[in-house]
Amino acid sequence: MPHSFSLSGQLVDIHNRDIFPAAITVTNGKISSIQRLGIAEQRYILPGFIDAHIHIESSMLVPSEFARIAVTHGTVATVSDPHEIANVCGIAGVQYMLDNAATSPLKFNFGAPSCVPATNFETAGAIIDADGIAKLLAKKEIRYLAEMMNFPGVLFEDKEVMAKIAAAKKAGKPIDGHAPGLRGDDAKKYIAAGISTDHECTNIEEAKDKLSHGMKILIREGSAAKNFDALVDLIHSHPGQIMFCSDDKHPDELIKGHINELVVRAIKHGCSMFDVLHAACVLPVQHYNLDVGLLRVGDDADFIIVDGLDDFKVLDNYIAGNLVAKDGKSLIAPSGIQAINNFGIDEQTADNFKVRVADETEEINCKIIEALDGQLITSSATALLRVEDNCIQTNVAYDILKIGVVNRYNTAPIAMGFIKNFGLTKGALASSVAHDSHNIVFVGVDDESICEAVNAIIRVKGGISLYDGVEAKVMPLPIAGLMSDKDAQQAGEEYQAIDRKAKQLGSKLGAPFMTLSFMALPVIPQLKMTDIGLFDVQKFEFVDLQL
């Protein structure tokens with residue numbers, strides 16, 4: 001006997017921009033009929049929300065645990081780039097995500113990570129070449145070629161980069177972009193290569209330039225990069241070409257909300273509700289050819305019921321006809337979490353974190369990274385720093401601290417530099433979540449504190465940590481040094497506790513650990529620190545610390 005049930009309410013028909021009372025019948029996980037009624041309960045039925053670009057690893061949760069919290073916010077699907085774990089564990093890491101996601105009803109749609117490593121200017125744990133990409137794209141579970149961060153490789157037609165793009169075209173799967181700041185003819189050439197989306201726009205002029213060449217723009221609002229306010233008016237000017245995404249979202253923020261929050265904010269901003277819901281529900285399905293229902297007869301029964309069209313409070317969430325969340329509570333049972341990792345170094349000594357100079361001098365002029373709150377981009381500055389015993393010192397009074405990266409895969413010299421705007425007045429922070437190669441990135445006031453924070457991570461083979469001058473605190477991330485083996489609530493509470501402690505050390509950043517994690521990413525301007533050295537993204541080359 002077929003499994004069948006019916007429910008009624010006010011159906012939100014995004015396609016025809018209409019709302020009407022209706023009864024929906026679901027049979028074997030699909031919508032078998034939609035019947036207009038004269039009257040129905042004042043609750044609203046609409047397609048579920050889709051995060052159009054997210055790295056599940058950045059939630060510090062494995063996919064099955066991410067799903068358990070995301071469904072409470074009305075999420076039914078994600079478009080997920082597994083390049084974080086791929087940079088640590090290679091194709092085995094991608095398969096780990098596929099296998100774990102398969103235990104959950106949420107519809108994860110993974111891409112083939114195009115940039116493993118992200119660049120040749122850092123040490124990653126794995127390499128996925130064009131042949132590996134082609135093999136991944138041959139899997140039906142891999143829906144697209146994930147963000148092509150090597151935009152110089154596209155512009156200069158690098159053989160390996162172009163082979164990866166060709167593999168996606170041959171497989172008939174879309175190609176995601178990543179081109180912060182790219183404009184004009186360069187943007188046109190990048191898009192003409194077949195790259196169809198971008199989530200890195202930080203201002204509306206850049207976004208409109210890319211839209212004019214046929215690209216779709218994702219409005220990103222994550223834990224570190226927050227571009228919603230700068231880009232929301234695109235929903236007015238370019239309806240039908242916009243999607244929503246998180247990119248990176250820490251567990252404490254995921255507990256509070258997901259794409260539902262952007263829907264509410266956009267409508268309050270004055271955007272058309274139907275245009276907003278098209279961005280949140282419809283365009284990701286159309287663009288990525290997802291197997292996600294859009295509330296039509298014959299579709300998978302993937303939909304949500306909300307109590308009103310102002311705050312979109314989710315009453316029920318159905319995926320393939322199964323009730324997965326009700327009244328803010330997840331109905332998805334936890335599944336087992338297996339571990340995978342790649343970690344190969346021993347503990348450090350404080351002496352390893354000194355920044356030595358050859359000449360006898362009292363001060364020296366240095367290049368300084370300037371972190372920007374709410375942004376992945378940085379600025380570049382210079383500062384005169386004091387030298388003692390041939391070692392460059394921090395200047396806590398002017399908020400100039402040490403930053404560096406420890407190669408987690410092999411014993412190697414530690415790359416060191418200086419950074420401004422972290423605000424620590426004592427201690428240090430460290431993280432093995434360090435986009436995209438996920439070495440250990442740290443920031444700190446003094447060598448002893450830095451060493452304690454780094455060693456706390458090495459001892460547990462991955463995590464985020466801090467040293468407050470007395471003791472080290474660490475949140476272990478045993479899955480690839482990226483994800484917790486705890487459930488969302490436990491992971492969220494652990495993260496909130498260590499985040500709160502970081503702010504007690506003086507940091508004024510909204511998400512200090514998330515910001516720290518992007519200080520080692522040499523594909524987003526301007527000045528970054530990899531395990532090899534200080535890197536100028538605009539010049540696309542290493543630069544000397546000393547002027």
# chains A, B, ... in the order shown; residues from 1 in each chain; ligands from 1

call {"tool": "closest_atom_pairs", "arguments": {"of": "range 431-530 of chain A", "to": "range 336-350 of chain A", "cutoff": "7 Å", "atoms": "only C-alpha atoms", "output": "tab-separated table"}}
result
residue	atom	partner	partner_atom	distance
A:Asp447	CA	A:Ala350	CA	5.3
A:Glu448	CA	A:Ala350	CA	5.2
A:Cys451	CA	A:Ala350	CA	5.2
A:Asn455	CA	A:Glu347	CA	5.4
A:Ile458	CA	A:Glu347	CA	6.2
A:Lys461	CA	A:Phe343	CA	6.1
A:Pro478	CA	A:Ala339	CA	6.6
A:Ile479	CA	A:Ala339	CA	5.1
A:Ala480	CA	A:Asn341	CA	4.0
A:Gly481	CA	A:Asn341	CA	6.7
A:Asp485	CA	A:Ile337	CA	6.2

call {"tool": "select_by_dssp", "arguments": {"residues": "range 69-160 of chain A", "states": "helix (DSSP H, G or I)", "output": "PyMOL selection string"}}
result
chain A and resi 69-73+83-89+91-101+130-137+151-155+159-160

call {"tool": "atom_distance", "arguments": {"atom1": "CA of Gly240 in chain A", "atom2": "CA of Leu283 in chain A"}}
result
7.0 Å

call {"tool": "residues_around", "arguments": {"residues": "His3 in chain A", "least_positions_apart": "4", "cutoff": "9 Å", "atoms": "only C-alpha atoms", "output": "list in words"}}
result
Val26, Thr27, Asn28 and Gly29 of chain A

call {"tool": "write_last_selection", "arguments": {"atoms": "C-alpha atoms", "output": "PDB file, in the first residue's frame"}}
result
ATOM      1  CA  VAL A  26       1.794  13.396  -0.520  1.00  0.00           C
ATOM      2  CA  THR A  27       2.201   9.832  -1.766  1.00  0.00           C
ATOM      3  CA  ASN A  28       5.445   7.879  -1.385  1.00  0.00           C
ATOM      4  CA  GLY A  29       7.455  11.004  -0.795  1.00  0.00           C
TER       5      GLY A  29
END

call {"tool": "closest_residue", "arguments": {"among": "A:Glu221, A:Asp209, A:Asp176, A:Asp99", "to": "Asp248 in chain A", "atoms": "only C-alpha atoms"}}
result
A:Glu221

call {"tool": "select_by_dssp", "arguments": {"residues": "range 53-91 of chain A", "states": "strand (DSSP E or B)", "output": "list in words"}}
result
His53, Ile54, Thr75, Val76, Ala77, Thr78, Val79 and Ser80 of chain A

call {"tool": "atom_distance", "arguments": {"atom1": "CA of Ser380 in chain A", "atom2": "CA of Asn395 in chain A"}}
result
16.8 Å

call {"tool": "atom_distance", "arguments": {"atom1": "CA of Gly423 in chain A", "atom2": "CA of Ser449 in chain A"}}
result
15.0 Å
